[in-house]
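What follows is one structure encoded as structure tokens, with my remarks underneath.
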Amino acid sequence: MSVEAAKHARELLLKEYRGMLSTHSKSMPGFPFGSVVPYCLDEQGRPLILISRIAQHTHNLQKDPKCSMLVGERGAEDVQAVGRLTYLAEARKLEDRAAIDAAAERYYRYFPDSQNYHKAHDFDFWVLEPVRHRYIGGFGAIHWIDQLTLANPFAGKAEASMIEHMNADHTMAIAHYVDLAGLPHTEPAQLVGIDSEGMHLRIGQGLHWLAFQEPCNTPTQVREALVYLAHAEQWPKNTAADA
């Protein structure tokens, strides 16, 4: 397995936030059933989804948790020439109250509107437990990847504190990140997530992941990276991507 391929596959998973979930049809046995789901990654780096109890894909997962999620690069003119990932998994509904609360805190930062229909309808959080991954990075770049997920060292209070601090006190720095990355200025950007490899910004309904130049494993390293980017004149090349 290529370490570089695993990194590129994980970056694709980090930056897309939506995928095609394929489940085993309960009403049409033997046929795969596809549906679109938004997702973010949980503290262990697994896709976290919020789905309705009355949805067809939920009924399918309750009968057979084996599923896959296809994630591809958004806006690609030639979908066969860019990266795409098939994430093979077993879906598991979160039952523990502490796990549900942690999932809700994370998911609502990324998808704030979901909090309204979650309260109004019967929705549950599910996590996609990884089994294996098929990553295609373009023509001829095809890999089976067994280990893809990477735990977020900041998940919980550390991440929430950094996000709150940046959104409250450093809006100009966040606006500068938007400029550097060439992101749209339709609405003010909000920082919604930080992982060891980058940051997640929400602009209106759109989500964007921006890679750090080097991995950050401590809050101090994150602070140094954010300060550096606040004064940078262009977004730095991710040196770890070429390692």
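Scheme for the structure tokens: letters A, B, ... for chains in order shown; per-chain residue numbers from 1; ligand numbers from 1 in order shown.
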Those of stretch 10-197 of chain A in DSSP helix (DSSP H, G or I), formatted as JSON, numbers by chain: {"A": [10, 11, 12, 13, 14, 15, 16, 56, 57, 58, 59, 60, 61, 62, 63, 97, 98, 99, 100, 101, 102, 103, 104, 105, 106, 107, 108, 109, 110, 114, 115, 116, 117, 118, 119, 120, 157, 158, 159, 160, 161, 162, 163, 164, 165, 166, 167, 168, 169, 171, 172, 173, 174, 175, 176, 177, 178, 179, 180, 181]}
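Neighbouring residues of A:Met199 at 10 Å or closer, counting only C-alpha atoms and skipping chain neighbours under 6 positions away, are Leu14, Lys15, Ile163, Leu191, Val192, Gly193, His208, Trp209, Leu210, Ala211, Phe212, Val222 and Leu226 of chain A.
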Output for the residues just chosen: C-alpha atoms as a PDB file, in the first residue's frame:
ATOM      1  CA  LEU A  14     -11.586  15.466   4.613  1.00  0.00           C
ATOM      2  CA  LYS A  15     -12.422  18.066   1.995  1.00  0.00           C
ATOM      3  CA  ILE A 163     -12.416  27.277  17.174  1.00  0.00           C
ATOM      4  CA  LEU A 191     -13.834  28.047  11.494  1.00  0.00           C
ATOM      5  CA  VAL A 192     -15.699  24.806  12.284  1.00  0.00           C
ATOM      6  CA  GLY A 193     -12.986  22.174  12.682  1.00  0.00           C
ATOM      7  CA  HIS A 208     -13.860  23.843   2.726  1.00  0.00           C
ATOM      8  CA  TRP A 209     -10.818  22.029   4.127  1.00  0.00           C
ATOM      9  CA  LEU A 210      -7.448  23.789   3.903  1.00  0.00           C
ATOM     10  CA  ALA A 211      -4.262  21.815   4.480  1.00  0.00           C
ATOM     11  CA  PHE A 212      -1.489  22.958   6.803  1.00  0.00           C
ATOM     12  CA  VAL A 222      -1.695  24.689  15.399  1.00  0.00           C
ATOM     13  CA  LEU A 226      -2.427  29.768  12.027  1.00  0.00           C
TER      14      LEU A 226
END
Counting only C-alpha atoms, which residues in stretch 44-63 of chain A sit no more than 10 Å from stretch 28-38 of chain A? For each one, give the nearest pair of atoms and the distance in Å, sorted by chain then residue number, as a Markdown table.
| residue | atom | partner | partner_atom | distance |
| --- | --- | --- | --- | --- |
| A:Pro47 | CA | A:Pro38 | CA | 9.3 |
| A:Leu48 | CA | A:Pro38 | CA | 8.6 |
| A:Ile49 | CA | A:Pro38 | CA | 6.6 |
| A:Leu50 | CA | A:Pro38 | CA | 8.0 |
| A:Ile51 | CA | A:Val37 | CA | 8.1 |
| A:Ala55 | CA | A:Ser35 | CA | 9.9 |
| A:Gln56 | CA | A:Phe33 | CA | 8.5 |
| A:His57 | CA | A:Ser35 | CA | 7.2 |
| A:Asn60 | CA | A:Phe33 | CA | 8.4 |
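The shortest atom-to-atom distance to A:Arg46, with only C-alpha atoms taken into account, belongs to A:Glu129 out of A:Glu90, A:Glu129, A:Asp64, A:Asp96.
The smallest atom-to-atom distance between A:Glu159 and any of A:Ser52, A:Thr186, A:Thr23, A:Thr218, using only C-alpha atoms, is found for A:Thr218.
Of note, atom CA of A:Glu105 and atom CA of A:Gln62 are spaced 24.6 Å apart.
In the backbone-derived DSSP annotation, strand (DSSP E or B) within stretch 3-77 of chain A comprises Arg18, Gly19, Met20, Leu21, Ser22, Thr23, His24, Pro32, Phe33, Gly34, Ser35, Val36, Val37, Pro38, Cys40, Leu41, Pro47, Leu48, Ile49, Leu50, Ile51, Ser52, Lys66, Cys67, Ser68, Met69, Leu70, Val71 and Gly72 of chain A.
Considering the residues A:Glu77, A:Asp169, A:Asp42, A:Asp179 and counting only C-alpha atoms, A:Asp101 has its shortest atom-to-atom contact with A:Asp42.
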Write out as an NGL selection string which residues come within 8 Å of A:Glu73 when counting only C-alpha atoms, dropping same-chain ones fewer than 5 positions away. :A and (12 or 16 or 79 or 82-84)
Please report as a Markdown table every residue of stretch 39-97 of chain A lying within 12 Å of stretch 134-147 of chain A, along with the nearest atom pair and their distance in Å (one decimal), using only C-alpha atoms.
| residue | atom | partner | partner_atom | distance |
| --- | --- | --- | --- | --- |
| A:Gly45 | CA | A:Gln147 | CA | 11.1 |
| A:Arg46 | CA | A:Gln147 | CA | 11.4 |
| A:Ser68 | CA | A:Arg134 | CA | 10.3 |
| A:Met69 | CA | A:Arg134 | CA | 10.5 |
| A:Leu70 | CA | A:Arg134 | CA | 9.5 |
| A:Val71 | CA | A:Tyr135 | CA | 9.6 |
| A:Gly72 | CA | A:Ile136 | CA | 9.6 |
| A:Glu73 | CA | A:Gly137 | CA | 10.2 |
| A:Ala76 | CA | A:Gly138 | CA | 11.7 |
| A:Asp78 | CA | A:Gly138 | CA | 9.9 |
| A:Val79 | CA | A:Gly138 | CA | 8.8 |
| A:Gln80 | CA | A:Gly138 | CA | 6.5 |
| A:Ala81 | CA | A:Gly138 | CA | 4.5 |
| A:Val82 | CA | A:Gly138 | CA | 4.8 |
| A:Gly83 | CA | A:Gly137 | CA | 4.1 |
| A:Arg84 | CA | A:Ile136 | CA | 5.5 |
| A:Leu85 | CA | A:Tyr135 | CA | 4.5 |
| A:Thr86 | CA | A:Arg134 | CA | 5.1 |
| A:Tyr87 | CA | A:Arg134 | CA | 6.7 |
| A:Leu88 | CA | A:Arg134 | CA | 8.0 |
| A:Ala89 | CA | A:Asp146 | CA | 11.3 |
The selected residues should be written to file as a CSV table (one decimal), in the first residue's frame (atoms: N, CA and C atoms).
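After the write, out-v4.csv holds the following:
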chain,number,residue,atom,x,y,z
A,45,GLY,N,-11.6,9.9,12.9
A,45,GLY,CA,-11.4,10.1,11.5
A,45,GLY,C,-12.4,9.3,10.6
A,46,ARG,N,-13.5,8.8,11.2
A,46,ARG,CA,-14.5,8.0,10.5
A,46,ARG,C,-15.7,8.9,10.0
A,68,SER,N,-21.1,1.0,1.4
A,68,SER,CA,-20.0,1.8,0.9
A,68,SER,C,-20.4,3.2,0.6
A,69,MET,N,-19.4,4.1,0.7
A,69,MET,CA,-19.7,5.5,0.3
A,69,MET,C,-18.7,5.9,-0.7
A,70,LEU,N,-19.2,6.4,-1.8
A,70,LEU,CA,-18.3,6.9,-2.9
A,70,LEU,C,-18.2,8.4,-2.7
A,71,VAL,N,-16.9,8.9,-2.7
A,71,VAL,CA,-16.6,10.3,-2.5
A,71,VAL,C,-15.7,10.7,-3.7
A,72,GLY,N,-16.1,11.7,-4.4
A,72,GLY,CA,-15.3,12.2,-5.6
A,72,GLY,C,-15.1,13.7,-5.5
A,73,GLU,N,-14.1,14.2,-6.2
A,73,GLU,CA,-13.8,15.6,-6.2
A,73,GLU,C,-14.9,16.4,-6.8
A,76,ALA,N,-15.5,18.5,-10.8
A,76,ALA,CA,-14.5,18.0,-11.8
A,76,ALA,C,-15.2,18.0,-13.2
A,78,ASP,N,-13.8,16.3,-15.7
A,78,ASP,CA,-13.6,14.9,-16.1
A,78,ASP,C,-13.5,14.0,-14.9
A,79,VAL,N,-14.6,13.4,-14.5
A,79,VAL,CA,-14.6,12.7,-13.2
A,79,VAL,C,-13.6,11.5,-13.2
A,80,GLN,N,-13.3,11.0,-14.4
A,80,GLN,CA,-12.4,9.8,-14.4
A,80,GLN,C,-10.9,10.2,-14.3
A,81,ALA,N,-10.6,11.5,-14.4
A,81,ALA,CA,-9.2,12.0,-14.4
A,81,ALA,C,-8.9,12.5,-13.0
A,82,VAL,N,-9.8,12.5,-12.0
A,82,VAL,CA,-9.5,13.1,-10.7
A,82,VAL,C,-9.7,12.0,-9.7
A,83,GLY,N,-9.4,12.4,-8.4
A,83,GLY,CA,-9.5,11.4,-7.3
A,83,GLY,C,-10.9,11.0,-6.9
A,84,ARG,N,-11.1,9.8,-6.6
A,84,ARG,CA,-12.4,9.3,-6.0
A,84,ARG,C,-12.1,8.1,-5.1
A,85,LEU,N,-12.9,8.0,-4.1
A,85,LEU,CA,-12.7,7.0,-3.1
A,85,LEU,C,-13.9,6.2,-2.8
A,86,THR,N,-13.8,4.9,-2.8
A,86,THR,CA,-14.9,4.0,-2.4
A,86,THR,C,-14.6,3.5,-1.0
A,87,TYR,N,-15.4,4.0,0.0
A,87,TYR,CA,-15.1,3.7,1.4
A,87,TYR,C,-16.0,2.5,1.8
A,88,LEU,N,-15.5,1.3,2.0
A,88,LEU,CA,-16.2,0.2,2.4
A,88,LEU,C,-16.3,0.1,3.9
A,89,ALA,N,-17.5,-0.1,4.4
A,89,ALA,CA,-17.7,0.1,5.8
A,89,ALA,C,-18.9,-0.8,6.4
Give me the residues of stretch 152-178 of chain A that have any atom at most 12 Å from an atom of stretch 106-124 of chain A; for each, the nearest atom pair and the distance in Å, rounded to one decimal. Use only C-alpha atoms, sort by chain and number, and format it as a Markdown table.
| residue | atom | partner | partner_atom | distance |
| --- | --- | --- | --- | --- |
| A:Phe154 | CA | A:Arg106 | CA | 11.9 |
| A:Ala155 | CA | A:Arg106 | CA | 8.7 |
| A:Gly156 | CA | A:Arg106 | CA | 8.6 |
| A:Lys157 | CA | A:Arg106 | CA | 11.1 |
| A:Glu159 | CA | A:Arg106 | CA | 9.8 |
| A:Ala160 | CA | A:Arg106 | CA | 8.9 |
| A:Ile163 | CA | A:Arg109 | CA | 10.0 |
| A:Glu164 | CA | A:Arg109 | CA | 11.0 |
Go ahead and save the residues from that selection, with all heavy atoms, as a PDB file, in the first residue's frame.
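This went into result.pdb:
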ATOM      1  N   PHE A 154      -7.150  16.694  18.548  1.00  0.00           N
ATOM      2  CA  PHE A 154      -7.735  17.860  19.206  1.00  0.00           C
ATOM      3  C   PHE A 154      -9.228  17.709  19.494  1.00  0.00           C
ATOM      4  O   PHE A 154      -9.832  18.601  20.087  1.00  0.00           O
ATOM      5  CB  PHE A 154      -7.513  19.111  18.348  1.00  0.00           C
ATOM      6  CG  PHE A 154      -6.111  19.242  17.846  1.00  0.00           C
ATOM      7  CD1 PHE A 154      -5.826  19.200  16.485  1.00  0.00           C
ATOM      8  CD2 PHE A 154      -5.052  19.375  18.729  1.00  0.00           C
ATOM      9  CE1 PHE A 154      -4.534  19.309  16.022  1.00  0.00           C
ATOM     10  CE2 PHE A 154      -3.743  19.483  18.275  1.00  0.00           C
ATOM     11  CZ  PHE A 154      -3.482  19.451  16.918  1.00  0.00           C
ATOM     12  N   ALA A 155      -9.832  16.619  19.061  1.00  0.00           N
ATOM     13  CA  ALA A 155     -11.276  16.445  19.200  1.00  0.00           C
ATOM     14  C   ALA A 155     -11.705  16.614  20.653  1.00  0.00           C
ATOM     15  O   ALA A 155     -11.084  16.073  21.569  1.00  0.00           O
ATOM     16  CB  ALA A 155     -11.692  15.072  18.684  1.00  0.00           C
ATOM     17  N   GLY A 156     -12.765  17.389  20.842  1.00  0.00           N
ATOM     18  CA  GLY A 156     -13.247  17.642  22.187  1.00  0.00           C
ATOM     19  C   GLY A 156     -12.978  19.080  22.606  1.00  0.00           C
ATOM     20  O   GLY A 156     -13.074  20.014  21.804  1.00  0.00           O
ATOM     21  N   LYS A 157     -12.587  19.263  23.856  1.00  0.00           N
ATOM     22  CA  LYS A 157     -12.440  20.604  24.421  1.00  0.00           C
ATOM     23  C   LYS A 157     -11.341  21.410  23.736  1.00  0.00           C
ATOM     24  O   LYS A 157     -11.487  22.614  23.531  1.00  0.00           O
ATOM     25  CB  LYS A 157     -12.160  20.507  25.919  1.00  0.00           C
ATOM     26  CG  LYS A 157     -13.340  19.990  26.733  1.00  0.00           C
ATOM     27  CD  LYS A 157     -13.019  19.960  28.219  1.00  0.00           C
ATOM     28  CE  LYS A 157     -14.205  19.453  29.029  1.00  0.00           C
ATOM     29  NZ  LYS A 157     -13.903  19.403  30.486  1.00  0.00           N
ATOM     30  N   GLU A 159     -10.196  21.302  20.607  1.00  0.00           N
ATOM     31  CA  GLU A 159     -10.642  21.795  19.301  1.00  0.00           C
ATOM     32  C   GLU A 159     -11.690  22.882  19.466  1.00  0.00           C
ATOM     33  O   GLU A 159     -11.630  23.935  18.811  1.00  0.00           O
ATOM     34  CB  GLU A 159     -11.194  20.638  18.471  1.00  0.00           C
ATOM     35  CG  GLU A 159     -11.601  21.040  17.066  1.00  0.00           C
ATOM     36  CD  GLU A 159     -12.214  19.901  16.282  1.00  0.00           C
ATOM     37  OE1 GLU A 159     -12.708  18.936  16.910  1.00  0.00           O
ATOM     38  OE2 GLU A 159     -12.210  19.978  15.038  1.00  0.00           O
ATOM     39  N   ALA A 160     -12.671  22.638  20.341  1.00  0.00           N
ATOM     40  CA  ALA A 160     -13.740  23.618  20.555  1.00  0.00           C
ATOM     41  C   ALA A 160     -13.182  24.947  21.050  1.00  0.00           C
ATOM     42  O   ALA A 160     -13.635  26.018  20.629  1.00  0.00           O
ATOM     43  CB  ALA A 160     -14.755  23.064  21.551  1.00  0.00           C
ATOM     44  N   ILE A 163     -11.419  26.766  18.119  1.00  0.00           N
ATOM     45  CA  ILE A 163     -12.416  27.277  17.174  1.00  0.00           C
ATOM     46  C   ILE A 163     -13.102  28.521  17.728  1.00  0.00           C
ATOM     47  O   ILE A 163     -13.240  29.545  17.031  1.00  0.00           O
ATOM     48  CB  ILE A 163     -13.456  26.181  16.865  1.00  0.00           C
ATOM     49  CG1 ILE A 163     -12.815  25.072  16.044  1.00  0.00           C
ATOM     50  CG2 ILE A 163     -14.663  26.771  16.141  1.00  0.00           C
ATOM     51  CD1 ILE A 163     -13.688  23.845  15.903  1.00  0.00           C
ATOM     52  N   GLU A 164     -13.515  28.453  18.991  1.00  0.00           N
ATOM     53  CA  GLU A 164     -14.191  29.598  19.617  1.00  0.00           C
ATOM     54  C   GLU A 164     -13.275  30.815  19.653  1.00  0.00           C
ATOM     55  O   GLU A 164     -13.706  31.947  19.365  1.00  0.00           O
ATOM     56  CB  GLU A 164     -14.629  29.215  21.029  1.00  0.00           C
ATOM     57  CG  GLU A 164     -15.383  30.317  21.752  1.00  0.00           C
ATOM     58  CD  GLU A 164     -15.827  29.906  23.148  1.00  0.00           C
ATOM     59  OE1 GLU A 164     -15.612  28.722  23.527  1.00  0.00           O
ATOM     60  OE2 GLU A 164     -16.395  30.761  23.863  1.00  0.00           O
TER      61      GLU A 164
END
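Each of A:Asn217, A:Gln44, A:Ser196, A:Gln205 was checked against A:Glu11 using only C-alpha atoms; the smallest atom-to-atom distance is that of A:Ser196.
Residue nearest A:Thr149, chosen from A:Val131, A:Glu224, A:Ser161, A:Lys66 and counting only C-alpha atoms: A:Val131.
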